[in-house]
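Student: What follows is entry28.txt, made up of compact mmCIF, C-alpha atoms:
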# COMPACT_ATOMS: atom_id res chain seq x y z
CA MET D 111 -13.81 0.86 -41.37
CA LEU D 112 -17.18 1.39 -39.79
CA TYR D 113 -17.19 2.83 -36.29
CA ALA D 114 -19.68 0.22 -35.07
CA SER D 115 -17.48 -2.70 -36.12
CA ALA D 116 -16.13 -5.06 -33.49
CA ARG D 117 -12.57 -4.42 -34.69
CA THR D 118 -12.80 -0.71 -33.85
CA ARG D 119 -14.28 -1.41 -30.43
CA SER D 120 -11.53 -3.90 -29.60
CA THR D 121 -8.61 -1.71 -30.77
CA ARG D 122 -7.67 0.99 -28.30
CA ALA D 123 -7.09 4.47 -29.70
CA ASP D 124 -4.50 5.30 -27.04
CA GLY D 125 -1.94 3.16 -28.87
CA TYR D 126 -1.74 5.90 -31.51
CA LEU D 127 -0.84 9.57 -31.74
CA CYS D 128 -3.60 12.06 -32.48
CA ARG D 129 -4.18 12.29 -36.22
CA MET D 130 -4.69 16.05 -36.11
CA CYS D 131 -2.04 17.46 -33.78
CA ALA D 132 0.38 14.49 -34.01
CA GLU D 133 1.71 15.48 -30.56
CA THR D 134 -0.57 13.86 -28.02
CA ARG D 135 -1.59 10.26 -27.43
CA ALA D 136 -5.05 9.63 -28.88
CA SER D 137 -7.94 8.89 -26.56
CA VAL D 138 -10.87 8.21 -28.93
CA TRP D 139 -11.68 6.96 -32.40
CA ASP D 140 -13.21 9.92 -34.23
CA HIS D 141 -15.91 9.01 -36.71
CA CYS D 142 -18.27 10.61 -39.19
CA HIS D 143 -21.82 10.78 -37.87
CA ASP D 144 -23.24 11.09 -41.41
CA HIS D 145 -21.61 7.95 -42.84
CA GLY D 146 -20.44 6.00 -39.80
CA TYR D 147 -16.82 5.56 -40.90
CA VAL D 148 -13.82 5.99 -38.61
CA ARG D 149 -11.67 9.01 -39.51
CA GLY D 150 -8.84 8.25 -37.15
CA PRO D 151 -7.58 8.48 -33.58
CA LEU D 152 -7.86 11.88 -31.85
CA CYS D 153 -6.66 13.24 -28.53
CA ALA D 154 -9.28 14.61 -26.17
CA SER D 155 -8.43 18.22 -27.05
CA CYS D 156 -8.73 17.82 -30.84
CA ASN D 157 -11.86 15.68 -30.46
CA THR D 158 -13.47 18.33 -28.27
CA PHE D 159 -12.53 21.10 -30.71
CA GLU D 160 -13.95 19.12 -33.63
CA GLY D 161 -17.18 18.23 -31.86
CA LYS D 162 -17.91 21.28 -29.71
CA SER D 163 -16.58 24.23 -31.72
CA SER D 164 -18.57 25.76 -34.51
CA ALA D 165 -18.05 24.09 -37.87
CA HIS D 166 -16.90 27.48 -39.17
CA SER D 167 -14.12 27.89 -36.61
CA PHE D 168 -13.04 24.26 -36.97
CA LEU D 169 -12.56 24.59 -40.73
CA ARG D 170 -11.04 28.06 -40.50
CA ASP D 171 -8.82 27.73 -37.42
CA LYS D 172 -7.66 24.11 -37.20
CA GLU D 173 -4.91 23.20 -39.64
CA GLY D 174 -5.63 19.93 -41.43
CA SER D 175 -9.30 19.95 -40.40
CA ALA D 176 -10.71 19.38 -43.89
CA LEU D 177 -8.30 16.54 -44.63
CA HIS D 178 -9.22 14.97 -41.30
CA LEU D 179 -12.93 15.12 -42.16
CA LEU D 180 -12.13 13.50 -45.51
CA GLY D 181 -10.69 10.57 -43.58
CA CYS D 182 -14.27 9.29 -43.72
CA ARG D 183 -14.53 6.97 -46.69
CA GLY D 184 -18.11 8.09 -47.39
CA CYS D 185 -17.20 11.80 -47.41
CA LEU D 186 -14.16 11.17 -49.61
CA GLU D 187 -16.01 9.05 -52.17
CA GLN D 188 -18.91 11.51 -52.37
CA ARG D 189 -16.59 14.58 -52.34
CA THR D 190 -18.50 16.12 -49.46
CA LEU D 191 -18.16 16.98 -45.79
CA PRO D 192 -20.57 16.18 -42.94
CA ARG D 193 -23.79 18.19 -43.27
CA ARG D 194 -23.01 20.36 -40.24
CA HIS D 195 -20.11 21.86 -42.22
CA HIS D 196 -22.15 22.90 -45.28
CA ALA D 197 -23.47 26.12 -43.76
CA ALA D 198 -19.94 26.93 -42.54
CA LEU D 199 -18.55 26.69 -46.07
CA ALA D 200 -21.42 28.82 -47.41
CA ARG D 201 -20.57 31.36 -44.68
CA MET D 202 -16.88 31.33 -45.60
CA HIS D 203 -17.83 31.89 -49.24
CA LEU D 204 -20.05 34.86 -48.33
CA GLU D 205 -17.34 36.37 -46.13
CA ALA D 206 -14.96 36.23 -49.08
CA THR D 207 -17.34 37.42 -51.81
CA GLU D 208 -20.34 39.31 -50.43
CA ARG D 209 -20.10 43.10 -50.09
CA HIS D 210 -22.69 45.84 -49.81
CA VAL D 211 -22.70 48.95 -51.96
CA ILE D 212 -22.00 52.35 -50.42
CA ARG D 213 -22.09 55.48 -52.57
CA SER D 214 -22.14 53.40 -55.79
CA ARG D 215 -19.03 51.44 -54.77
CA ARG D 216 -18.57 48.01 -53.25
CA CYS D 217 -17.42 48.13 -49.66
CA ARG D 218 -13.96 46.61 -49.27
CA ARG D 219 -14.58 45.29 -45.78
CA GLU D 220 -15.52 41.71 -44.99
CA PRO D 221 -19.09 41.53 -43.67
CA TRP D 222 -19.92 40.28 -40.21
CA ILE D 223 -22.27 37.32 -40.34
CA GLU D 224 -24.51 37.51 -37.33
CA ASP D 225 -26.73 34.53 -37.86
CA ALA D 226 -27.52 31.67 -40.21
CA GLU D 227 -30.62 29.53 -40.25
CA LEU D 228 -31.87 26.69 -42.42
CA ASP D 229 -35.31 27.57 -43.72
CA HIS D 230 -37.21 25.79 -46.51
CA GLY D 231 -34.15 24.28 -48.20
CA ALA D 232 -31.93 27.36 -47.94
CA TYR D 233 -29.45 28.85 -45.52
CA ARG D 234 -30.44 32.42 -44.70
CA PHE D 235 -27.54 34.56 -43.47
CA LYS D 236 -27.83 37.93 -41.74
CA LEU D 237 -24.87 40.11 -42.69
CA SER D 238 -23.75 43.52 -41.52
CA CYS D 239 -21.01 46.04 -42.06
CA TRP D 240 -20.23 47.85 -38.84
CA TRP D 241 -18.22 50.50 -40.66
CA HIS D 242 -21.23 51.67 -42.65
CA ASP D 243 -24.07 50.51 -40.38
CA ALA D 244 -25.44 48.39 -43.23
CA ARG D 245 -27.51 45.23 -42.75
CA TRP D 246 -28.77 42.76 -45.34
CA THR D 247 -29.62 39.10 -45.81
CA LYS D 248 -28.27 36.59 -48.27
CA THR D 249 -29.75 33.21 -49.09
CA VAL D 250 -27.73 30.19 -50.20
CA THR D 251 -29.75 27.16 -51.25
CA VAL D 252 -28.80 23.71 -50.00
CA THR D 253 -27.88 22.81 -53.60
CA GLU D 254 -25.61 25.86 -53.91
CA ALA D 255 -23.99 24.99 -50.58
CA ALA D 256 -23.38 21.41 -51.76
CA THR D 257 -21.67 22.80 -54.87
CA LEU D 258 -19.47 25.03 -52.69
CA VAL D 259 -18.61 22.02 -50.52
CA ARG D 260 -17.64 19.92 -53.55
CA LYS D 261 -15.41 22.71 -54.91
CA PHE D 262 -13.81 23.14 -51.49
CA VAL D 263 -13.16 19.39 -51.15
CA ASP D 264 -11.65 19.24 -54.64
CA GLN D 265 -9.34 22.16 -53.77
CA VAL D 266 -8.29 20.51 -50.50
CA LEU D 267 -7.54 17.22 -52.23
CA ALA D 268 -5.63 18.92 -55.06
CA ALA D 269 -3.55 20.91 -52.55
CA ALA D 270 -2.79 17.77 -50.53
CA GLN D 271 -1.43 15.97 -53.60
CA PRO D 272 -0.31 18.66 -56.06
CA THR D 273 1.22 16.25 -58.59
CA ALA D 274 -1.41 13.50 -58.38
CA VAL D 275 -4.61 13.41 -60.37
CA VAL D 276 -7.66 13.16 -58.13
CA PRO D 277 -10.04 10.54 -59.55
CA ALA D 278 -13.65 11.40 -60.21
CA PRO D 279 -16.21 10.00 -57.79
CA ARG D 280 -17.68 6.60 -58.65
CA THR D 281 -21.03 6.36 -60.33
CA ALA D 282 -23.43 3.44 -60.39
CA SER D 283 -22.26 2.56 -63.94
CA ASP D 284 -18.63 2.24 -62.70
CA THR D 285 -19.53 -0.58 -60.34
CA PRO D 286 -18.90 -4.02 -61.86
CA SER D 287 -22.01 -6.12 -62.18
CA PRO D 288 -22.00 -9.66 -60.84
CA ALA D 289 -21.61 -12.23 -63.61
In structure tokens, how does this file's structure come out?

Tutor:
Amino acid sequence: MLYASARTRSTRADGYLCRMCAETRASVWDHCHDHGYVRGPLCASCNTFEGKSSAHSFLRDKEGSALHLLGCRGCLEQRTLPRRHHAALARMHLEATERHVIRSRRCRREPWIEDAELDHGAYRFKLSCWWHDARWTKTVTVTEAATLVRKFVDQVLAAAQPTAVVPAPRTASDTPSPA
């Protein structure tokens, strides 16, 4: 349901356990700022971690974080995550795949990503390898990041329901026309 609906405002979140930690009484209704849908009740601690931590650490360090974000109907139907998480997924991809070359071999160490900025439709990351004192930049376009997000979401959904088939997102032609 939409966060702005009267039903959400009249139903107290503290009647539920936190959707993420499942240990503490919820205190707020968490919602997606991109689509406006309620994701579920969260305790103050999980809500603070989701809202105040970096998107990178939330996705990497909080178990169930991606599934929680997909509690938004808009994110689930579009197979995406809120925009603030796109750069984090591009960063996670670069940490896993990007390496510099030292003496004609790829370095085995994961690079340190010092900074990321959105500039002219692309995320520009500054990477470094402290072991070899190497520094370089890598650019990931917004379109490439959206593709990484979609692949990530599909993997999360497949892992959550290993025996179920995940339906494809709806298109305009799938919507019944009024007769």

Student: For Glu224 (chain D), please output as a PyMOL selection string all residues within 9 Å (counting all atoms listed in the file; exclusion window: fewer than 4 positions along the same chain).

Tutor: chain D and resi 235-238

Student: Smallest atom-to-atom distance to Glu220 (chain D): which of D:Asp124, D:Glu187, D:Glu205, D:Glu173, using only C-alpha atoms?

Tutor: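 Using only C-alpha atoms, the shortest distance to Glu220 (chain D) belongs to D:Glu205.
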
Student: Would you list the contacts of Gly146 (chain D) as a list in words, taking every protein, DNA or RNA residue within 7 Å and counting all atoms listed in the file, but skipping same-chain residues closer than 3 positions in sequence?

Tutor: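 Once the adjacent positions are removed, what remains is Leu112, Tyr113, His141, Cys142 and His143 of chain D.
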
Student: Selected residues, C-alpha atoms, written as an mmCIF file, keeping the file's coordinate frame, please.

Tutor:
data_model
loop_
_atom_site.group_PDB
_atom_site.id
_atom_site.type_symbol
_atom_site.label_atom_id
_atom_site.label_comp_id
_atom_site.auth_asym_id
_atom_site.auth_seq_id
_atom_site.Cartn_x
_atom_site.Cartn_y
_atom_site.Cartn_z
ATOM 1 C CA LEU D 112 -17.180 1.390 -39.790
ATOM 2 C CA TYR D 113 -17.190 2.830 -36.290
ATOM 3 C CA HIS D 141 -15.910 9.010 -36.710
ATOM 4 C CA CYS D 142 -18.270 10.610 -39.190
ATOM 5 C CA HIS D 143 -21.820 10.780 -37.870
#

Student: Around all the atoms of region 168-180 of chain D listed in the file, with 6 Å of room on each side, what axis-aligned box do you get, giving centre and edge lengths in Å to one decimal, as JSON?

Tutor:
{"center_x": -9.0, "center_y": 20.8, "center_z": -41.2, "size_x": 20.1, "size_y": 26.6, "size_z": 20.5}

Student: Residues near region 249-264 of chain D, anyone? I mean within 8 Å using only C-alpha atoms, not counting same-chain ones fewer than 3 positions away, as a list in words.

Tutor: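 Near neighbours after the sequence-gap exclusion: Ala176, Arg189, Thr190, Leu191, His196, Ala197, Leu199, Ala200, His203, Gly231, Ala232, Tyr233, Arg234, Phe235, Leu267 and Ala268 of chain D.
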